[in-house]
$ cat entry_4.cif   # mmCIF, C-alpha atoms
data_model
#
loop_
_atom_site.label_atom_id
_atom_site.label_comp_id
_atom_site.auth_asym_id
_atom_site.auth_seq_id
_atom_site.Cartn_x
_atom_site.Cartn_y
_atom_site.Cartn_z
CA MET A 463 24.50 -40.67 59.87
CA GLU A 464 23.77 -43.48 62.29
CA LYS A 465 20.31 -43.45 63.85
CA ILE A 466 18.48 -45.24 66.62
CA PRO A 467 15.31 -46.78 65.12
CA ILE A 468 11.95 -45.73 66.55
CA LEU A 469 9.14 -48.28 66.09
CA ARG A 470 5.47 -47.45 66.24
CA MET A 471 3.08 -49.86 67.89
CA GLY A 472 -0.47 -48.55 68.01
CA GLU A 473 -0.44 -45.39 70.08
CA PHE A 474 3.01 -46.07 71.50
CA LEU A 475 6.55 -45.52 70.23
CA LEU A 476 9.23 -48.08 71.08
CA VAL A 477 12.96 -47.48 71.18
CA THR A 478 15.60 -50.08 71.95
CA ILE A 479 19.03 -48.58 72.42
CA GLN A 480 21.48 -51.28 71.37
CA VAL A 481 24.66 -49.35 70.71
CA ASP A 482 27.06 -47.42 72.91
CA MET A 483 25.85 -43.96 71.90
CA HIS A 484 28.18 -41.04 71.40
CA ASP A 485 26.70 -37.76 72.57
CA ARG A 486 25.49 -36.51 69.21
CA LEU A 487 23.61 -39.75 68.58
CA ALA A 488 21.87 -39.34 71.94
CA LEU A 489 20.86 -35.77 71.06
CA ALA A 490 19.60 -36.94 67.64
CA LEU A 491 17.42 -39.56 69.35
CA GLN A 492 15.98 -36.88 71.63
CA ASP A 493 15.08 -34.72 68.61
CA ASP A 494 13.75 -37.63 66.53
CA LEU A 495 11.52 -38.87 69.33
CA THR A 496 10.06 -35.45 69.98
CA THR A 497 9.31 -35.05 66.27
CA ARG A 498 7.75 -38.52 66.03
CA ILE A 499 5.51 -37.94 69.07
CA SER A 500 4.23 -34.78 67.50
CA GLU A 501 3.75 -36.35 64.03
CA THR A 502 2.02 -39.50 65.23
CA GLY A 503 0.14 -38.19 68.25
CA ALA A 504 1.63 -41.07 70.21
CA ARG A 505 0.44 -41.31 73.81
CA GLY A 506 3.41 -43.17 75.18
CA VAL A 507 7.11 -43.82 74.64
CA LEU A 508 8.91 -46.93 75.86
CA ILE A 509 12.71 -46.81 75.94
CA ASP A 510 14.50 -50.11 76.48
CA ILE A 511 18.02 -49.57 77.86
CA SER A 512 18.73 -53.19 78.80
CA SER A 513 21.66 -53.28 76.38
CA LEU A 514 23.32 -50.19 77.85
CA GLU A 515 26.39 -51.02 79.92
CA ILE A 516 26.58 -47.56 81.40
CA VAL A 517 24.36 -44.50 81.77
CA ASP A 518 26.47 -41.44 82.47
CA SER A 519 25.25 -37.92 83.27
CA PHE A 520 24.80 -37.10 79.58
CA ILE A 521 22.60 -40.10 78.79
CA GLY A 522 20.79 -39.58 82.10
CA ARG A 523 20.04 -36.00 81.12
CA MET A 524 18.82 -37.18 77.70
CA LEU A 525 16.37 -39.60 79.34
CA GLY A 526 15.12 -36.82 81.62
CA ASN A 527 14.73 -34.46 78.65
CA ILE A 528 12.77 -37.02 76.63
CA ALA A 529 10.43 -37.62 79.57
CA ALA A 530 9.89 -33.87 80.04
CA MET A 531 9.39 -33.12 76.34
CA SER A 532 7.00 -36.02 75.82
CA ARG A 533 5.00 -34.90 78.85
CA VAL A 534 4.58 -31.47 77.31
CA LEU A 535 3.41 -33.18 74.11
CA ASP A 536 0.81 -35.17 76.07
CA ALA A 537 2.68 -38.48 76.06
CA GLN A 538 4.12 -40.64 78.84
CA THR A 539 7.66 -42.03 78.83
CA VAL A 540 8.77 -45.21 80.55
CA VAL A 541 12.41 -46.31 80.68
CA VAL A 542 12.76 -50.08 81.07
CA GLY A 543 15.46 -52.69 81.60
CA MET A 544 18.11 -50.74 83.47
CA ARG A 545 20.83 -53.10 84.65
CA PRO A 546 21.34 -53.23 88.44
CA ALA A 547 25.01 -52.15 88.17
CA VAL A 548 23.92 -49.17 86.07
CA ALA A 549 21.29 -48.18 88.65
CA ILE A 550 23.83 -48.34 91.49
CA THR A 551 26.35 -46.27 89.55
CA LEU A 552 23.82 -43.70 88.40
CA VAL A 553 22.64 -42.96 91.93
CA GLU A 554 26.22 -42.74 93.20
CA LEU A 555 27.02 -40.39 90.34
CA GLY A 556 24.29 -38.13 91.73
CA MET A 557 21.46 -38.75 89.26
CA SER A 558 18.20 -40.20 90.47
CA LEU A 559 16.30 -39.63 87.19
CA THR A 560 13.62 -37.62 88.95
CA GLY A 561 10.54 -37.35 86.77
CA VAL A 562 11.39 -40.41 84.67
CA LYS A 563 9.04 -43.38 85.04
CA THR A 564 10.83 -46.71 85.08
CA ALA A 565 9.86 -50.37 84.91
CA LEU A 566 11.90 -53.53 85.25
CA ASN A 567 11.18 -54.91 81.79
CA VAL A 568 9.28 -54.28 78.56
CA ASP A 569 6.13 -56.11 79.73
CA ALA A 570 5.90 -54.12 82.95
CA GLY A 571 6.67 -50.92 81.04
CA MET A 572 3.89 -51.52 78.50
CA GLU A 573 1.44 -52.20 81.31
CA LEU A 574 2.47 -48.98 83.04
CA LEU A 575 2.00 -47.00 79.82
CA ARG A 576 -1.41 -48.57 79.12
CA SER A 577 -2.70 -47.87 82.61
CA ALA A 578 -1.38 -44.31 82.53
CA VAL A 579 -3.09 -43.62 79.20
CA ASP A 580 -6.33 -45.38 80.25
CA GLY A 581 -6.31 -43.41 83.47
CA GLU A 582 -6.18 -40.16 81.52
CA ARG A 583 -9.02 -41.30 79.27
CA GLU A 584 -11.22 -41.97 82.28
CA PHE A 585 -10.35 -38.61 83.72
CA TYR A 586 -10.94 -36.59 80.57
CA GLY A 587 -13.93 -38.59 79.31
CA SER A 588 -14.69 -40.14 75.97
CA ARG A 589 -13.18 -37.65 73.55
CA PHE A 590 -10.14 -39.89 73.23
CA MET B 896 52.90 -49.60 93.41
CA ALA B 897 54.05 -51.62 90.42
CA VAL B 898 52.91 -50.64 86.97
CA VAL B 899 51.89 -53.70 85.00
CA SER B 900 51.05 -52.09 81.69
CA SER B 901 50.27 -48.70 80.25
CA GLU B 902 48.67 -47.36 77.07
CA THR B 903 47.50 -44.03 75.71
CA VAL B 904 44.12 -43.35 74.12
CA SER B 905 43.41 -40.15 72.21
CA VAL B 906 40.42 -38.04 73.32
CA ALA B 907 39.90 -35.78 70.32
CA ASN B 908 36.27 -36.36 69.34
CA GLU B 909 32.99 -37.96 70.48
CA THR B 910 33.86 -41.32 68.97
CA ASP B 911 37.04 -41.36 71.08
CA VAL B 912 34.87 -41.04 74.20
CA VAL B 913 33.15 -44.27 73.16
CA THR B 914 36.58 -45.87 72.58
CA VAL B 915 37.68 -44.76 76.07
CA ARG B 916 34.63 -46.44 77.60
CA ARG B 917 35.19 -49.65 75.64
CA ARG B 918 38.89 -49.86 76.43
CA VAL B 919 38.44 -49.16 80.15
CA ARG B 920 35.68 -51.79 80.27
CA GLU B 921 37.94 -54.37 78.58
CA VAL B 922 40.86 -53.75 80.93
CA ALA B 923 38.68 -53.69 84.07
CA GLY B 924 37.11 -56.96 82.91
CA THR B 925 40.52 -58.56 82.33
CA LEU B 926 41.60 -57.54 85.84
CA GLY B 927 38.56 -59.32 87.22
CA PHE B 928 36.65 -56.27 88.52
CA SER B 929 33.09 -57.01 89.63
CA LEU B 930 30.35 -55.86 87.26
CA VAL B 931 29.43 -52.97 89.57
CA ASP B 932 33.06 -51.84 89.87
CA GLN B 933 33.53 -52.10 86.09
CA THR B 934 30.42 -49.99 85.57
CA LYS B 935 31.61 -47.37 88.07
CA VAL B 936 35.07 -46.95 86.58
CA VAL B 937 33.75 -46.90 83.01
CA THR B 938 31.14 -44.27 83.96
CA ALA B 939 33.80 -42.13 85.68
CA ALA B 940 36.00 -42.46 82.58
CA SER B 941 33.11 -41.38 80.36
CA GLU B 942 32.49 -38.25 82.44
CA LEU B 943 36.17 -37.30 82.50
CA ALA B 944 36.72 -38.01 78.80
CA ARG B 945 33.79 -35.74 77.98
CA ASN B 946 35.28 -33.02 80.21
CA THR B 947 38.63 -33.38 78.44
CA LEU B 948 36.89 -33.00 75.10
CA LEU B 949 34.41 -30.21 75.91
CA HIS B 950 36.32 -28.12 78.42
CA GLY B 951 39.91 -28.99 77.56
CA GLY B 952 39.53 -28.97 73.78
CA GLY B 953 40.67 -32.60 73.59
CA GLY B 954 43.61 -34.44 75.05
CA VAL B 955 44.72 -37.93 75.95
CA MET B 956 43.90 -40.62 78.46
CA GLU B 957 46.66 -42.74 79.90
CA LEU B 958 45.39 -46.10 81.07
CA THR B 959 47.64 -47.92 83.53
CA THR B 960 47.10 -51.22 85.29
CA LEU B 961 48.63 -51.47 88.75
CA ASN B 962 49.61 -54.42 90.90
CA GLY B 963 50.44 -53.69 94.47
CA PRO B 964 49.17 -53.63 97.08
CA ARG B 965 46.13 -54.70 95.08
CA LEU B 966 45.19 -54.88 91.42
CA GLY B 967 43.95 -51.57 90.19
CA ILE B 968 43.33 -49.36 87.22
CA ARG B 969 44.65 -45.81 86.97
CA LEU B 970 43.34 -43.33 84.40
CA THR B 971 44.93 -39.98 83.72
CA PHE B 972 43.12 -37.45 81.54
CA GLU B 973 45.29 -34.62 80.36
CA ASP B 974 44.51 -31.60 78.21
CA LYS B 975 46.15 -28.33 77.30
CA GLY B 976 42.93 -26.35 77.62
CA PRO B 977 42.11 -23.20 79.60
CA GLY B 978 42.48 -24.87 83.00
CA ILE B 979 40.15 -24.73 86.01
CA PRO B 980 40.40 -21.49 88.03
CA ASP B 981 38.61 -22.85 91.13
CA ILE B 982 38.79 -26.63 91.56
CA GLN B 983 36.64 -26.73 94.72
CA LEU B 984 33.88 -24.92 92.85
CA ALA B 985 34.28 -27.20 89.81
CA LEU B 986 33.86 -30.24 92.06
CA ARG B 987 30.59 -29.01 93.50
CA ASP B 988 27.47 -30.78 92.21
CA GLY B 989 25.45 -28.58 89.92
CA PHE B 990 28.31 -26.27 89.04
CA THR B 991 28.82 -26.07 85.30
CA THR B 992 30.37 -23.72 82.80
CA GLY B 993 28.89 -25.69 79.93
CA SER B 994 25.39 -26.93 79.20
CA GLY B 995 25.62 -30.09 81.32
CA LEU B 996 24.33 -30.91 84.76
CA GLY B 997 27.58 -30.23 86.57
CA LEU B 998 27.86 -33.81 87.78
CA GLY B 999 30.92 -34.81 85.75
CA LEU B 1000 33.85 -34.02 88.02
CA GLY B 1001 32.19 -34.47 91.42
CA GLY B 1002 30.28 -37.51 90.20
CA ALA B 1003 33.43 -39.15 88.83
CA LYS B 1004 35.14 -38.54 92.19
CA ARG B 1005 32.40 -40.46 94.01
CA LEU B 1006 32.80 -43.47 91.70
CA VAL B 1007 36.50 -44.12 92.33
CA ASN B 1008 38.88 -44.72 95.25
CA GLU B 1009 41.47 -42.04 94.47
CA PHE B 1010 40.98 -38.76 92.71
CA GLU B 1011 43.33 -35.88 91.97
CA VAL B 1012 43.01 -32.75 89.86
CA VAL B 1013 45.99 -30.63 88.90
CA SER B 1014 45.15 -27.59 86.83
CA ARG B 1015 46.88 -24.38 85.81
CA VAL B 1016 44.91 -21.58 84.22
CA GLY B 1017 46.07 -21.13 80.65
CA GLU B 1018 48.10 -24.34 80.66
CA GLY B 1019 45.74 -27.25 81.08
CA THR B 1020 44.24 -29.83 83.39
CA LYS B 1021 45.24 -33.28 84.52
CA VAL B 1022 42.75 -35.50 86.33
CA THR B 1023 43.94 -38.81 87.78
CA ILE B 1024 41.64 -41.49 89.15
CA VAL B 1025 42.37 -44.93 90.60
CA ARG B 1026 39.91 -47.71 91.20
CA TRP B 1027 41.28 -50.67 93.17
CA LYS B 1028 39.90 -54.14 92.73
#

$ encode --input "entry_4.cif" --output "structure tokens"
Amino acid sequence: MEKIPILRMGEFLLVTIQVDMHDRLALALQDDLTTRISETGARGVLIDISSLEIVDSFIGRMLGNIAAMSRVLDAQTVVVGMRPAVAITLVELGMSLTGVKTALNVDAGMELLRSAVDGEREFYGSRF
Amino acid sequence: MAVVSSETVSVANETDVVTVRRRVREVAGTLGFSLVDQTKVVTAASELARNTLLHGGGGVMELTTLNGPRLGIRLTFEDKGPGIPDIQLALRDGFTTGSGLGLGLGGAKRLVNEFEVVSRVGEGTKVTIVRWK
């Protein structure tokens, strides 16, 4: 079966969605990412959706689920690269992706992840 | 309202939903829809195709291009599923009989210019949308 590759970079996992996903592929990504966070102890997940021409309610829900599941597993999720037309459509559709952190591009997303993880380290002390 | 061309796309599995999106995108692009309008009509088509598949047990989409008064795209999703007993309720955001968010029907309606649902319990459902250029 087709799979979306998940790359590991230090304490972060990176996903670039480059295909028009059918629903089962989106669910498989959700499961794979959750498993990988748990296996690797990753502190952050960056999902690049700049190739996606649409985000409908199903993909929107998947992004929300990934953010919620990673949060429970002590990791942060940032979704980056949403096209402006996709953002307009998504909000009109009725989804505002509440609870999902977003950034304009990969660089800004990585910075957001780093500062979120560093912020937690300061808060919890040196055990990390 | 003059029909320029018409074609039928099967909606029988998840891969067909992807085909629906691609085909609607191609036609909307050919008609010269703006990127935002293309995205809206493709997203609406994706929601309705998924409804046809999940709630209607599969069906077909008829894709028609219109010319007059303006250029437009008309999509009709038809299934022979269980039908919708209460359409007003089905259109309400957050209402779902499945595992989704309940944004499909109402959300699709907000993304297009014309929207019509005809449904008979036990016979099936037909949803027609039009997006004008």

$ atom_distance --input "entry_4.cif" --atom1 "CA of Leu469 in chain A" --atom2 "CA of Val507 in chain A"
9.9 Å

$ closest_residue --input "entry_4.cif" --among "B:Gly1001, B:Pro980, B:Gly954, B:Pro964" --to "chain A" --atoms "all atoms listed in the file"
B:Gly1001

$ resolve_selection --input "entry_4.cif" --expression "the PyMOL selection byres ((chain A) within 10 of (chain B))" --output "number ranges by chain"
A: 482-487, 515-520, 522-523, 545-557

$ residues_around --input "entry_4.cif" --residues "Leu574 in chain A" --least-positions-apart "4" --cutoff "8 Å" --atoms "only C-alpha atoms" --output "PyMOL selection string"
chain A and resi 540+565+570+578

$ closest_residue --input "entry_4.cif" --among "A:Ile509, A:Ala537, A:Ala529, A:Ile479" --to "Val568 in chain A" --atoms "all atoms listed in the file"
A:Ile509

$ residues_near_point --input "entry_4.cif" --point "(17.8, -42.3, 70.3)" --cutoff "12 Å" --atoms "all atoms listed in the file" --output "short mmCIF file (atom, residue, chain, number, x, y, z; two decimals) with C-alpha atoms, keeping the file's coordinate frame"
data_model
loop_
_atom_site.label_atom_id
_atom_site.label_comp_id
_atom_site.auth_asym_id
_atom_site.auth_seq_id
_atom_site.Cartn_x
_atom_site.Cartn_y
_atom_site.Cartn_z
CA GLU A 464 23.77 -43.48 62.29
CA LYS A 465 20.31 -43.45 63.85
CA ILE A 466 18.48 -45.24 66.62
CA PRO A 467 15.31 -46.78 65.12
CA ILE A 468 11.95 -45.73 66.55
CA LEU A 469 9.14 -48.28 66.09
CA LEU A 475 6.55 -45.52 70.23
CA LEU A 476 9.23 -48.08 71.08
CA VAL A 477 12.96 -47.48 71.18
CA THR A 478 15.60 -50.08 71.95
CA ILE A 479 19.03 -48.58 72.42
CA GLN A 480 21.48 -51.28 71.37
CA VAL A 481 24.66 -49.35 70.71
CA ASP A 482 27.06 -47.42 72.91
CA MET A 483 25.85 -43.96 71.90
CA HIS A 484 28.18 -41.04 71.40
CA ASP A 485 26.70 -37.76 72.57
CA ARG A 486 25.49 -36.51 69.21
CA LEU A 487 23.61 -39.75 68.58
CA ALA A 488 21.87 -39.34 71.94
CA LEU A 489 20.86 -35.77 71.06
CA ALA A 490 19.60 -36.94 67.64
CA LEU A 491 17.42 -39.56 69.35
CA GLN A 492 15.98 -36.88 71.63
CA ASP A 493 15.08 -34.72 68.61
CA ASP A 494 13.75 -37.63 66.53
CA LEU A 495 11.52 -38.87 69.33
CA THR A 496 10.06 -35.45 69.98
CA THR A 497 9.31 -35.05 66.27
CA ARG A 498 7.75 -38.52 66.03
CA VAL A 507 7.11 -43.82 74.64
CA LEU A 508 8.91 -46.93 75.86
CA ILE A 509 12.71 -46.81 75.94
CA ASP A 510 14.50 -50.11 76.48
CA ILE A 511 18.02 -49.57 77.86
CA ILE A 521 22.60 -40.10 78.79
CA MET A 524 18.82 -37.18 77.70
CA LEU A 525 16.37 -39.60 79.34
CA ASN A 527 14.73 -34.46 78.65
CA ILE A 528 12.77 -37.02 76.63
#

$ atom_distance --input "entry_4.cif" --atom1 "CA of Thr903 in chain B" --atom2 "CA of Ile979 in chain B"
23.1 Å

$ atom_distance --input "entry_4.cif" --atom1 "CA of Leu984 in chain B" --atom2 "CA of Asn1008 in chain B"
20.6 Å

$ closest_residue --input "entry_4.cif" --among "B:Thr959, B:Thr971, B:Thr991, B:Thr925" --to "Ile1024 in chain B" --atoms "only C-alpha atoms"
B:Thr971

$ resolve_selection --input "entry_4.cif" --expression "the PyMOL selection byres ((chain B and resi 946-952) around 6)" --output "ChimeraX atom specification"
/B:943-945,953,974,976

$ resolve_selection --input "entry_4.cif" --expression "the PyMOL selection byres ((chain B and resi 900) around 6)" --output "mmCIF file with C-alpha atoms, keeping the file's coordinate frame"
data_model
loop_
_atom_site.group_PDB
_atom_site.id
_atom_site.type_symbol
_atom_site.label_atom_id
_atom_site.label_comp_id
_atom_site.auth_asym_id
_atom_site.auth_seq_id
_atom_site.Cartn_x
_atom_site.Cartn_y
_atom_site.Cartn_z
ATOM 1 C CA VAL B 898 52.910 -50.640 86.970
ATOM 2 C CA VAL B 899 51.890 -53.700 85.000
ATOM 3 C CA SER B 901 50.270 -48.700 80.250
ATOM 4 C CA THR B 959 47.640 -47.920 83.530
ATOM 5 C CA THR B 960 47.100 -51.220 85.290
#

$ residues_near_point --input "entry_4.cif" --point "(39.9, -49.6, 95.6)" --cutoff "10 Å" --atoms "all atoms listed in the file" --output "ChimeraX atom specification"
/B:932,965-968,1007-1009,1025-1028

$ residues_around --input "entry_4.cif" --residues "Val1012 in chain B" --least-positions-apart "5" --cutoff "9 Å" --atoms "only C-alpha atoms" --output "list in words"
Ile982, Thr1020, Lys1021, Val1022, Thr1023 and Ile1024 of chain B
